[in-house]
file target.pdb (PDB, N, CA and C atoms, pLDDT in the B column)
ATOM      1  N   MET A 130     168.238  25.078-306.983  1.00 78.00           N
ATOM      2  CA  MET A 130     168.769  24.813-308.290  1.00 78.00           C
ATOM      3  C   MET A 130     168.084  23.583-308.867  1.00 78.00           C
ATOM      4  N   LEU A 131     167.830  23.643-310.148  1.00 88.00           N
ATOM      5  CA  LEU A 131     167.226  22.515-310.843  1.00 88.00           C
ATOM      6  C   LEU A 131     168.309  21.680-311.525  1.00 88.00           C
ATOM      7  N   PHE A 132     168.068  20.388-311.548  1.00 92.00           N
ATOM      8  CA  PHE A 132     168.966  19.463-312.219  1.00 92.00           C
ATOM      9  C   PHE A 132     168.171  18.640-313.216  1.00 92.00           C
ATOM     10  N   LYS A 133     168.843  18.243-314.266  1.00 95.00           N
ATOM     11  CA  LYS A 133     168.208  17.351-315.224  1.00 95.00           C
ATOM     12  C   LYS A 133     169.102  16.133-315.390  1.00 95.00           C
ATOM     13  N   SER A 134     168.536  15.101-315.967  1.00 96.00           N
ATOM     14  CA  SER A 134     169.318  13.914-316.271  1.00 96.00           C
ATOM     15  C   SER A 134     169.086  13.559-317.729  1.00 96.00           C
ATOM     16  N   LEU A 135     170.043  12.862-318.290  1.00 96.00           N
ATOM     17  CA  LEU A 135     170.019  12.505-319.688  1.00 96.00           C
ATOM     18  C   LEU A 135     170.175  11.000-319.795  1.00 96.00           C
ATOM     19  N   GLU A 136     169.270  10.370-320.524  1.00 96.00           N
ATOM     20  CA  GLU A 136     169.331   8.928-320.706  1.00 96.00           C
ATOM     21  C   GLU A 136     169.300   8.631-322.201  1.00 96.00           C
ATOM     22  N   PHE A 137     170.225   7.781-322.647  1.00 94.00           N
ATOM     23  CA  PHE A 137     170.308   7.461-324.071  1.00 94.00           C
ATOM     24  C   PHE A 137     170.866   6.058-324.251  1.00 94.00           C
ATOM     25  N   LYS A 138     170.722   5.560-325.474  1.00 94.00           N
ATOM     26  CA  LYS A 138     171.269   4.248-325.829  1.00 94.00           C
ATOM     27  C   LYS A 138     172.428   4.438-326.786  1.00 94.00           C
ATOM     28  N   LEU A 139     173.454   3.653-326.584  1.00 90.00           N
ATOM     29  CA  LEU A 139     174.587   3.647-327.502  1.00 90.00           C
ATOM     30  C   LEU A 139     174.242   2.790-328.718  1.00 90.00           C
ATOM     31  N   LEU A 140     175.103   2.786-329.704  1.00 88.00           N
ATOM     32  CA  LEU A 140     174.847   2.022-330.924  1.00 88.00           C
ATOM     33  C   LEU A 140     174.738   0.525-330.653  1.00 88.00           C
ATOM     34  N   ASN A 141     175.433   0.054-329.617  1.00 87.00           N
ATOM     35  CA  ASN A 141     175.360  -1.373-329.297  1.00 87.00           C
ATOM     36  C   ASN A 141     174.149  -1.719-328.424  1.00 87.00           C
ATOM     37  N   GLY A 142     173.292  -0.749-328.114  1.00 89.00           N
ATOM     38  CA  GLY A 142     172.081  -0.989-327.345  1.00 89.00           C
ATOM     39  C   GLY A 142     172.238  -0.806-325.852  1.00 89.00           C
ATOM     40  N   HIS A 143     173.442  -0.458-325.397  1.00 91.00           N
ATOM     41  CA  HIS A 143     173.688  -0.258-323.974  1.00 91.00           C
ATOM     42  C   HIS A 143     173.070   1.067-323.518  1.00 91.00           C
ATOM     43  N   LYS A 144     172.279   1.033-322.445  1.00 95.00           N
ATOM     44  CA  LYS A 144     171.599   2.222-321.936  1.00 95.00           C
ATOM     45  C   LYS A 144     172.506   2.936-320.927  1.00 95.00           C
ATOM     46  N   VAL A 145     172.662   4.240-321.088  1.00 96.00           N
ATOM     47  CA  VAL A 145     173.520   5.059-320.228  1.00 96.00           C
ATOM     48  C   VAL A 145     172.695   6.227-319.692  1.00 96.00           C
ATOM     49  N   LYS A 146     172.903   6.557-318.417  1.00 97.00           N
ATOM     50  CA  LYS A 146     172.202   7.678-317.796  1.00 97.00           C
ATOM     51  C   LYS A 146     173.230   8.612-317.169  1.00 97.00           C
ATOM     52  N   ILE A 147     173.071   9.921-317.424  1.00 97.00           N
ATOM     53  CA  ILE A 147     173.917  10.946-316.823  1.00 97.00           C
ATOM     54  C   ILE A 147     173.029  11.781-315.918  1.00 97.00           C
ATOM     55  N   THR A 148     173.397  11.894-314.651  1.00 96.00           N
ATOM     56  CA  THR A 148     172.597  12.623-313.673  1.00 96.00           C
ATOM     57  C   THR A 148     173.305  13.899-313.233  1.00 96.00           C
ATOM     58  N   ASP A 149     172.604  14.717-312.481  1.00 94.00           N
ATOM     59  CA  ASP A 149     173.132  15.942-311.855  1.00 94.00           C
ATOM     60  C   ASP A 149     173.634  16.973-312.866  1.00 94.00           C
ATOM     61  N   ILE A 150     172.905  17.162-313.956  1.00 95.00           N
ATOM     62  CA  ILE A 150     173.251  18.199-314.926  1.00 95.00           C
ATOM     63  C   ILE A 150     172.520  19.470-314.501  1.00 95.00           C
ATOM     64  N   PRO A 151     173.241  20.547-314.199  1.00 94.00           N
ATOM     65  CA  PRO A 151     172.569  21.758-313.720  1.00 94.00           C
ATOM     66  C   PRO A 151     171.829  22.478-314.847  1.00 94.00           C
ATOM     67  N   VAL A 152     170.690  23.046-314.493  1.00 92.00           N
ATOM     68  CA  VAL A 152     169.923  23.883-315.422  1.00 92.00           C
ATOM     69  C   VAL A 152     170.226  25.327-315.047  1.00 92.00           C
ATOM     70  N   LEU A 153     170.900  26.026-315.949  1.00 90.00           N
ATOM     71  CA  LEU A 153     171.313  27.408-315.683  1.00 90.00           C
ATOM     72  C   LEU A 153     170.491  28.375-316.527  1.00 90.00           C
ATOM     73  N   GLU A 154     170.367  29.596-316.041  1.00 90.00           N
ATOM     74  CA  GLU A 154     169.633  30.622-316.770  1.00 90.00           C
ATOM     75  C   GLU A 154     170.392  30.991-318.037  1.00 90.00           C
ATOM     76  N   GLU A 155     169.702  31.597-318.982  1.00 91.00           N
ATOM     77  CA  GLU A 155     170.324  31.966-320.255  1.00 91.00           C
ATOM     78  C   GLU A 155     171.443  32.985-320.086  1.00 91.00           C
ATOM     79  N   ASP A 156     171.326  33.867-319.103  1.00 91.00           N
ATOM     80  CA  ASP A 156     172.337  34.905-318.918  1.00 91.00           C
ATOM     81  C   ASP A 156     173.433  34.506-317.934  1.00 91.00           C
ATOM     82  N   ASN A 157     173.444  33.271-317.485  1.00 90.00           N
ATOM     83  CA  ASN A 157     174.454  32.815-316.545  1.00 90.00           C
ATOM     84  C   ASN A 157     175.793  32.684-317.269  1.00 90.00           C
ATOM     85  N   GLN A 158     176.846  33.169-316.635  1.00 92.00           N
ATOM     86  CA  GLN A 158     178.163  33.158-317.269  1.00 92.00           C
ATOM     87  C   GLN A 158     178.764  31.757-317.394  1.00 92.00           C
ATOM     88  N   TYR A 159     178.240  30.784-316.661  1.00 93.00           N
ATOM     89  CA  TYR A 159     178.777  29.428-316.692  1.00 93.00           C
ATOM     90  C   TYR A 159     177.992  28.495-317.626  1.00 93.00           C
ATOM     91  N   ARG A 160     176.992  28.999-318.284  1.00 93.00           N
ATOM     92  CA  ARG A 160     176.162  28.155-319.141  1.00 93.00           C
ATOM     93  C   ARG A 160     176.969  27.551-320.301  1.00 93.00           C
ATOM     94  N   PHE A 161     177.783  28.360-320.947  1.00 95.00           N
ATOM     95  CA  PHE A 161     178.594  27.875-322.058  1.00 95.00           C
ATOM     96  C   PHE A 161     179.602  26.831-321.576  1.00 95.00           C
ATOM     97  N   LEU A 162     180.210  27.071-320.431  1.00 94.00           N
ATOM     98  CA  LEU A 162     181.167  26.126-319.856  1.00 94.00           C
ATOM     99  C   LEU A 162     180.513  24.774-319.598  1.00 94.00           C
ATOM    100  N   VAL A 163     179.315  24.787-319.045  1.00 95.00           N
ATOM    101  CA  VAL A 163     178.601  23.541-318.750  1.00 95.00           C
ATOM    102  C   VAL A 163     178.237  22.822-320.045  1.00 95.00           C
ATOM    103  N   GLN A 164     177.790  23.547-321.058  1.00 95.00           N
ATOM    104  CA  GLN A 164     177.429  22.920-322.334  1.00 95.00           C
ATOM    105  C   GLN A 164     178.641  22.251-322.989  1.00 95.00           C
ATOM    106  N   ILE A 165     179.763  22.931-323.004  1.00 96.00           N
ATOM    107  CA  ILE A 165     180.973  22.381-323.620  1.00 96.00           C
ATOM    108  C   ILE A 165     181.456  21.168-322.838  1.00 96.00           C
ATOM    109  N   ARG A 166     181.451  21.254-321.520  1.00 96.00           N
ATOM    110  CA  ARG A 166     181.889  20.120-320.701  1.00 96.00           C
ATOM    111  C   ARG A 166     180.950  18.928-320.851  1.00 96.00           C
ATOM    112  N   LEU A 167     179.659  19.181-321.018  1.00 96.00           N
ATOM    113  CA  LEU A 167     178.708  18.095-321.220  1.00 96.00           C
ATOM    114  C   LEU A 167     178.957  17.406-322.564  1.00 96.00           C
ATOM    115  N   GLN A 168     179.214  18.180-323.607  1.00 97.00           N
ATOM    116  CA  GLN A 168     179.528  17.586-324.906  1.00 97.00           C
ATOM    117  C   GLN A 168     180.807  16.757-324.837  1.00 97.00           C
ATOM    118  N   THR A 169     181.805  17.258-324.134  1.00 96.00           N
ATOM    119  CA  THR A 169     183.059  16.525-323.979  1.00 96.00           C
ATOM    120  C   THR A 169     182.830  15.239-323.204  1.00 96.00           C
ATOM    121  N   PHE A 170     182.026  15.320-322.160  1.00 96.00           N
ATOM    122  CA  PHE A 170     181.725  14.148-321.341  1.00 96.00           C
ATOM    123  C   PHE A 170     180.969  13.091-322.147  1.00 96.00           C
ATOM    124  N   LEU A 171     180.014  13.529-322.957  1.00 95.00           N
ATOM    125  CA  LEU A 171     179.258  12.597-323.805  1.00 95.00           C
ATOM    126  C   LEU A 171     180.169  11.899-324.814  1.00 95.00           C
ATOM    127  N   SER A 172     181.059  12.639-325.436  1.00 95.00           N
ATOM    128  CA  SER A 172     181.958  12.019-326.408  1.00 95.00           C
ATOM    129  C   SER A 172     182.921  11.059-325.727  1.00 95.00           C
ATOM    130  N   LYS A 173     183.310  11.379-324.511  1.00 95.00           N
ATOM    131  CA  LYS A 173     184.189  10.488-323.750  1.00 95.00           C
ATOM    132  C   LYS A 173     183.468   9.172-323.418  1.00 95.00           C
ATOM    133  N   ILE A 174     182.202   9.266-323.049  1.00 94.00           N
ATOM    134  CA  ILE A 174     181.418   8.069-322.709  1.00 94.00           C
ATOM    135  C   ILE A 174     181.177   7.218-323.952  1.00 94.00           C
ATOM    136  N   THR A 175     180.807   7.856-325.056  1.00 92.00           N
ATOM    137  CA  THR A 175     180.487   7.093-326.266  1.00 92.00           C
ATOM    138  C   THR A 175     181.712   6.425-326.879  1.00 92.00           C
ATOM    139  N   SER A 176     182.900   6.930-326.568  1.00 92.00           N
ATOM    140  CA  SER A 176     184.107   6.320-327.123  1.00 92.00           C
ATOM    141  C   SER A 176     184.590   5.119-326.301  1.00 92.00           C
ATOM    142  N   GLN A 177     184.033   4.907-325.108  1.00 91.00           N
ATOM    143  CA  GLN A 177     184.437   3.777-324.276  1.00 91.00           C
ATOM    144  C   GLN A 177     183.852   2.475-324.814  1.00 91.00           C
ATOM    145  N   LYS A 178     184.613   1.402-324.640  1.00 88.00           N
ATOM    146  CA  LYS A 178     184.132   0.092-325.094  1.00 88.00           C
ATOM    147  C   LYS A 178     183.076  -0.476-324.152  1.00 88.00           C
ATOM    148  N   HIS A 179     183.261  -0.322-322.843  1.00 89.00           N
ATOM    149  CA  HIS A 179     182.327  -0.847-321.846  1.00 89.00           C
ATOM    150  C   HIS A 179     181.981   0.260-320.845  1.00 89.00           C
ATOM    151  N   PRO A 180     181.056   1.152-321.211  1.00 91.00           N
ATOM    152  CA  PRO A 180     180.705   2.243-320.294  1.00 91.00           C
ATOM    153  C   PRO A 180     179.846   1.750-319.132  1.00 91.00           C
ATOM    154  N   ASN A 181     179.844   2.528-318.065  1.00 94.00           N
ATOM    155  CA  ASN A 181     178.986   2.241-316.914  1.00 94.00           C
ATOM    156  C   ASN A 181     177.538   2.533-317.269  1.00 94.00           C
ATOM    157  N   ASP A 182     176.630   2.128-316.389  1.00 95.00           N
ATOM    158  CA  ASP A 182     175.206   2.392-316.614  1.00 95.00           C
ATOM    159  C   ASP A 182     174.825   3.818-316.223  1.00 95.00           C
ATOM    160  N   VAL A 183     175.432   4.329-315.136  1.00 97.00           N
ATOM    161  CA  VAL A 183     175.072   5.653-314.614  1.00 97.00           C
ATOM    162  C   VAL A 183     176.343   6.453-314.356  1.00 97.00           C
ATOM    163  N   TYR A 184     176.310   7.724-314.766  1.00 97.00           N
ATOM    164  CA  TYR A 184     177.405   8.655-314.518  1.00 97.00           C
ATOM    165  C   TYR A 184     176.849   9.894-313.839  1.00 97.00           C
ATOM    166  N   SER A 185     177.676  10.532-313.015  1.00 96.00           N
ATOM    167  CA  SER A 185     177.298  11.781-312.380  1.00 96.00           C
ATOM    168  C   SER A 185     178.083  12.915-313.033  1.00 96.00           C
ATOM    169  N   PHE A 186     177.362  13.850-313.640  1.00 96.00           N
ATOM    170  CA  PHE A 186     178.009  14.998-314.268  1.00 96.00           C
ATOM    171  C   PHE A 186     178.650  15.895-313.210  1.00 96.00           C
ATOM    172  N   ARG A 187     178.075  15.920-312.036  1.00 95.00           N
ATOM    173  CA  ARG A 187     178.624  16.714-310.937  1.00 95.00           C
ATOM    174  C   ARG A 187     180.025  16.224-310.575  1.00 95.00           C
ATOM    175  N   ASP A 188     180.188  14.912-310.475  1.00 95.00           N
ATOM    176  CA  ASP A 188     181.500  14.349-310.154  1.00 95.00           C
ATOM    177  C   ASP A 188     182.506  14.629-311.259  1.00 95.00           C
ATOM    178  N   TYR A 189     182.051  14.561-312.500  1.00 96.00           N
ATOM    179  CA  TYR A 189     182.933  14.859-313.626  1.00 96.00           C
ATOM    180  C   TYR A 189     183.401  16.314-313.574  1.00 96.00           C
ATOM    181  N   LEU A 190     182.478  17.241-313.322  1.00 95.00           N
ATOM    182  CA  LEU A 190     182.861  18.649-313.249  1.00 95.00           C
ATOM    183  C   LEU A 190     183.787  18.923-312.076  1.00 95.00           C
ATOM    184  N   LYS A 191     183.573  18.224-310.981  1.00 94.00           N
ATOM    185  CA  LYS A 191     184.413  18.406-309.802  1.00 94.00           C
ATOM    186  C   LYS A 191     185.871  18.106-310.133  1.00 94.00           C
ATOM    187  N   LYS A 192     186.093  17.131-311.004  1.00 95.00           N
ATOM    188  CA  LYS A 192     187.449  16.736-311.373  1.00 95.00           C
ATOM    189  C   LYS A 192     188.014  17.546-312.533  1.00 95.00           C
ATOM    190  N   SER A 193     187.164  18.158-313.347  1.00 94.00           N
ATOM    191  CA  SER A 193     187.655  18.747-314.590  1.00 94.00           C
ATOM    192  C   SER A 193     187.709  20.277-314.629  1.00 94.00           C
ATOM    193  N   ILE A 194     187.075  20.958-313.696  1.00 94.00           N
ATOM    194  CA  ILE A 194     187.136  22.426-313.705  1.00 94.00           C
ATOM    195  C   ILE A 194     187.718  22.932-312.395  1.00 94.00           C
ATOM    196  N   LYS A 195     188.022  24.203-312.355  1.00 94.00           N
ATOM    197  CA  LYS A 195     188.591  24.813-311.154  1.00 94.00           C
ATOM    198  C   LYS A 195     187.532  24.869-310.056  1.00 94.00           C
ATOM    199  N   TRP A 196     187.985  24.751-308.824  1.00 92.00           N
ATOM    200  CA  TRP A 196     187.078  24.674-307.690  1.00 92.00           C
ATOM    201  C   TRP A 196     186.187  25.907-307.551  1.00 92.00           C
ATOM    202  N   PRO A 197     186.681  27.129-307.705  1.00 92.00           N
ATOM    203  CA  PRO A 197     185.767  28.289-307.595  1.00 92.00           C
ATOM    204  C   PRO A 197     184.644  28.267-308.632  1.00 92.00           C
ATOM    205  N   ASP A 198     184.954  27.791-309.844  1.00 93.00           N
ATOM    206  CA  ASP A 198     183.917  27.677-310.863  1.00 93.00           C
ATOM    207  C   ASP A 198     182.895  26.608-310.489  1.00 93.00           C
ATOM    208  N   TYR A 199     183.381  25.491-309.962  1.00 93.00           N
ATOM    209  CA  TYR A 199     182.483  24.417-309.525  1.00 93.00           C
ATOM    210  C   TYR A 199     181.541  24.913-308.430  1.00 93.00           C
ATOM    211  N   GLU A 200     182.088  25.634-307.466  1.00 92.00           N
ATOM    212  CA  GLU A 200     181.251  26.166-306.377  1.00 92.00           C
ATOM    213  C   GLU A 200     180.227  27.166-306.900  1.00 92.00           C
ATOM    214  N   ALA A 201     180.608  27.967-307.872  1.00 91.00           N
ATOM    215  CA  ALA A 201     179.683  28.957-308.427  1.00 91.00           C
ATOM    216  C   ALA A 201     178.533  28.278-309.177  1.00 91.00           C
ATOM    217  N   ILE A 202     178.812  27.154-309.827  1.00 91.00           N
ATOM    218  CA  ILE A 202     177.764  26.439-310.570  1.00 91.00           C
ATOM    219  C   ILE A 202     176.829  25.709-309.623  1.00 91.00           C
ATOM    220  N   TYR A 203     177.386  25.006-308.646  1.00 89.00           N
ATOM    221  CA  TYR A 203     176.588  24.167-307.756  1.00 89.00           C
ATOM    222  C   TYR A 203     176.363  24.797-306.383  1.00 89.00           C
ATOM    223  N   GLN A 204     176.414  26.116-306.301  1.00 82.00           N
ATOM    224  CA  GLN A 204     176.224  26.770-305.014  1.00 82.00           C
ATOM    225  C   GLN A 204     174.828  26.504-304.464  1.00 82.00           C
ATOM    226  N   PRO A 205     174.744  26.176-303.195  1.00 68.00           N
ATOM    227  CA  PRO A 205     173.410  25.964-302.612  1.00 68.00           C
ATOM    228  C   PRO A 205     172.682  27.282-302.421  1.00 68.00           C
ATOM    229  N   VAL A 206     171.394  27.260-302.611  1.00 66.00           N
ATOM    230  CA  VAL A 206     170.585  28.451-302.402  1.00 66.00           C
ATOM    231  C   VAL A 206     170.307  28.566-300.910  1.00 66.00           C
ATOM    232  N   ILE A 207     170.775  29.651-300.312  1.00 68.00           N
ATOM    233  CA  ILE A 207     170.587  29.860-298.888  1.00 68.00           C
ATOM    234  C   ILE A 207     169.369  30.740-298.668  1.00 68.00           C
ATOM    235  N   LEU A 208     168.402  30.195-297.962  1.00 68.00           N
ATOM    236  CA  LEU A 208     167.179  30.940-297.683  1.00 68.00           C
ATOM    237  C   LEU A 208     167.369  31.749-296.409  1.00 68.00           C
ATOM    238  N   LYS A 209     166.922  32.978-296.444  1.00 73.00           N
ATOM    239  CA  LYS A 209     167.041  33.837-295.277  1.00 73.00           C
ATOM    240  C   LYS A 209     165.764  33.798-294.469  1.00 73.00           C
ATOM    241  N   HIS A 210     165.904  33.770-293.171  1.00 74.00           N
ATOM    242  CA  HIS A 210     164.782  33.806-292.240  1.00 74.00           C
ATOM    243  C   HIS A 210     163.830  32.636-292.448  1.00 74.00           C
ATOM    244  N   ASN A 211     164.369  31.477-292.774  1.00 66.00           N
ATOM    245  CA  ASN A 211     163.585  30.250-292.943  1.00 66.00           C
ATOM    246  C   ASN A 211     162.466  30.393-293.974  1.00 66.00           C
ATOM    247  N   ALA A 212     162.694  31.163-295.006  1.00 57.00           N
ATOM    248  CA  ALA A 212     161.667  31.377-296.032  1.00 57.00           C
ATOM    249  C   ALA A 212     161.602  30.223-296.994  1.00 57.00           C
TER
END

call {"tool": "encode", "arguments": {"input": "target.pdb", "output": "structure tokens"}}
result
Amino acid sequence: MLFKSLEFKLLNGHKVKITDIPVLEEDNQYRFLVQIRLQTFLSKITSQKHPNDVYSFRDYLKKSIKWPDYEAIYQPVILKHNA
């Protein structure tokens, strides 16, 4: 699975980085869920007076969605026969 990170500056000049954002295929059923949760997470961060420097999107999703959905998004790719 591929992950991306997002780095931006707030209006006050504070630099914030969000890591562990999954890159999903266009036909993946969880793509819309991840996009909406990312937008919600960004608005939550920007509304804080003193945000942290680094956030993990994986940790946020772990707390905010149901466990079966979380496992389906972040499922490890199991290689067969050591391929």

call {"tool": "residues_around", "arguments": {"input": "target.pdb", "residues": "Phe186 in chain A", "least_positions_apart": "5", "cutoff": "8 Å", "atoms": "all atoms listed in the file", "output": "list in words"}}
result
Lys146, Ile147, Thr148, Asp149, Ile150, Pro151, Leu167, Lys191 and Lys192 of chain A

call {"tool": "atom_distance", "arguments": {"input": "target.pdb", "atom1": "CA of Ile194 in chain A", "atom2": "CA of Asp182 in chain A"}}
result
23.5 Å

call {"tool": "resolve_selection", "arguments": {"input": "target.pdb", "expression": "the PyMOL selection byres (((chain A and resi 144 and name CA) around 12) and name CA)", "output": "PDB file with N, CA and C atoms, in the frame of the given file"}}
result
ATOM      1  N   LEU A 135     170.043  12.862-318.290  1.00 96.00           N
ATOM      2  CA  LEU A 135     170.019  12.505-319.688  1.00 96.00           C
ATOM      3  C   LEU A 135     170.175  11.000-319.795  1.00 96.00           C
ATOM      4  N   GLU A 136     169.270  10.370-320.524  1.00 96.00           N
ATOM      5  CA  GLU A 136     169.331   8.928-320.706  1.00 96.00           C
ATOM      6  C   GLU A 136     169.300   8.631-322.201  1.00 96.00           C
ATOM      7  N   PHE A 137     170.225   7.781-322.647  1.00 94.00           N
ATOM      8  CA  PHE A 137     170.308   7.461-324.071  1.00 94.00           C
ATOM      9  C   PHE A 137     170.866   6.058-324.251  1.00 94.00           C
ATOM     10  N   LYS A 138     170.722   5.560-325.474  1.00 94.00           N
ATOM     11  CA  LYS A 138     171.269   4.248-325.829  1.00 94.00           C
ATOM     12  C   LYS A 138     172.428   4.438-326.786  1.00 94.00           C
ATOM     13  N   LEU A 139     173.454   3.653-326.584  1.00 90.00           N
ATOM     14  CA  LEU A 139     174.587   3.647-327.502  1.00 90.00           C
ATOM     15  C   LEU A 139     174.242   2.790-328.718  1.00 90.00           C
ATOM     16  N   LEU A 140     175.103   2.786-329.704  1.00 88.00           N
ATOM     17  CA  LEU A 140     174.847   2.022-330.924  1.00 88.00           C
ATOM     18  C   LEU A 140     174.738   0.525-330.653  1.00 88.00           C
ATOM     19  N   ASN A 141     175.433   0.054-329.617  1.00 87.00           N
ATOM     20  CA  ASN A 141     175.360  -1.373-329.297  1.00 87.00           C
ATOM     21  C   ASN A 141     174.149  -1.719-328.424  1.00 87.00           C
ATOM     22  N   GLY A 142     173.292  -0.749-328.114  1.00 89.00           N
ATOM     23  CA  GLY A 142     172.081  -0.989-327.345  1.00 89.00           C
ATOM     24  C   GLY A 142     172.238  -0.806-325.852  1.00 89.00           C
ATOM     25  N   HIS A 143     173.442  -0.458-325.397  1.00 91.00           N
ATOM     26  CA  HIS A 143     173.688  -0.258-323.974  1.00 91.00           C
ATOM     27  C   HIS A 143     173.070   1.067-323.518  1.00 91.00           C
ATOM     28  N   VAL A 145     172.662   4.240-321.088  1.00 96.00           N
ATOM     29  CA  VAL A 145     173.520   5.059-320.228  1.00 96.00           C
ATOM     30  C   VAL A 145     172.695   6.227-319.692  1.00 96.00           C
ATOM     31  N   LYS A 146     172.903   6.557-318.417  1.00 97.00           N
ATOM     32  CA  LYS A 146     172.202   7.678-317.796  1.00 97.00           C
ATOM     33  C   LYS A 146     173.230   8.612-317.169  1.00 97.00           C
ATOM     34  N   ILE A 147     173.071   9.921-317.424  1.00 97.00           N
ATOM     35  CA  ILE A 147     173.917  10.946-316.823  1.00 97.00           C
ATOM     36  C   ILE A 147     173.029  11.781-315.918  1.00 97.00           C
ATOM     37  N   ILE A 174     182.202   9.266-323.049  1.00 94.00           N
ATOM     38  CA  ILE A 174     181.418   8.069-322.709  1.00 94.00           C
ATOM     39  C   ILE A 174     181.177   7.218-323.952  1.00 94.00           C
ATOM     40  N   THR A 175     180.807   7.856-325.056  1.00 92.00           N
ATOM     41  CA  THR A 175     180.487   7.093-326.266  1.00 92.00           C
ATOM     42  C   THR A 175     181.712   6.425-326.879  1.00 92.00           C
ATOM     43  N   HIS A 179     183.261  -0.322-322.843  1.00 89.00           N
ATOM     44  CA  HIS A 179     182.327  -0.847-321.846  1.00 89.00           C
ATOM     45  C   HIS A 179     181.981   0.260-320.845  1.00 89.00           C
ATOM     46  N   PRO A 180     181.056   1.152-321.211  1.00 91.00           N
ATOM     47  CA  PRO A 180     180.705   2.243-320.294  1.00 91.00           C
ATOM     48  C   PRO A 180     179.846   1.750-319.132  1.00 91.00           C
ATOM     49  N   ASN A 181     179.844   2.528-318.065  1.00 94.00           N
ATOM     50  CA  ASN A 181     178.986   2.241-316.914  1.00 94.00           C
ATOM     51  C   ASN A 181     177.538   2.533-317.269  1.00 94.00           C
ATOM     52  N   ASP A 182     176.630   2.128-316.389  1.00 95.00           N
ATOM     53  CA  ASP A 182     175.206   2.392-316.614  1.00 95.00           C
ATOM     54  C   ASP A 182     174.825   3.818-316.223  1.00 95.00           C
ATOM     55  N   VAL A 183     175.432   4.329-315.136  1.00 97.00           N
ATOM     56  CA  VAL A 183     175.072   5.653-314.614  1.00 97.00           C
ATOM     57  C   VAL A 183     176.343   6.453-314.356  1.00 97.00           C
ATOM     58  N   TYR A 184     176.310   7.724-314.766  1.00 97.00           N
ATOM     59  CA  TYR A 184     177.405   8.655-314.518  1.00 97.00           C
ATOM     60  C   TYR A 184     176.849   9.894-313.839  1.00 97.00           C
TER      61      TYR A 184
END

call {"tool": "axis_aligned_box", "arguments": {"input": "target.pdb", "around": "range 138-152 of chain A", "padding_each_side": "4 Å", "output": "AutoDock Vina command-line options"}}
result
--center_x 172.7 --center_y 11.8 --center_z -321.4 --size_x 13.5 --size_y 35.0 --size_z 27.1

call {"tool": "residues_around", "arguments": {"input": "target.pdb", "residues": "Val152 in chain A", "least_positions_apart": "3", "cutoff": "7 Å", "atoms": "all atoms listed in the file", "output": "count of residues only"}}
result
5

call {"tool": "atom_distance", "arguments": {"input": "target.pdb", "atom1": "CA of Arg160 in chain A", "atom2": "CA of Ser172 in chain A"}}
result
18.6 Å

call {"tool": "closest_residue", "arguments": {"input": "target.pdb", "among": "A:Ile165, A:Tyr159, A:Phe170, A:Ser185", "to": "Ile202 in chain A", "atoms": "only N, CA and C atoms"}}
result
A:Tyr159

call {"tool": "select_by_dssp", "arguments": {"input": "target.pdb", "residues": "chain A", "states": "strand (DSSP E)", "output": "NGL selection string"}}
result
:A and (132-138 or 144-151 or 183-185)

call {"tool": "atom_distance", "arguments": {"input": "target.pdb", "atom1": "CA of Glu155 in chain A", "atom2": "atom C of His210 in chain A"}}
result
28.6 Å

call {"tool": "select_by_dssp", "arguments": {"input": "target.pdb", "residues": "range 153-198 of chain A", "states": "helix (DSSP H, G or I)", "output": "PyMOL selection string"}}
result
chain A and resi 160-175+186-193+196-198
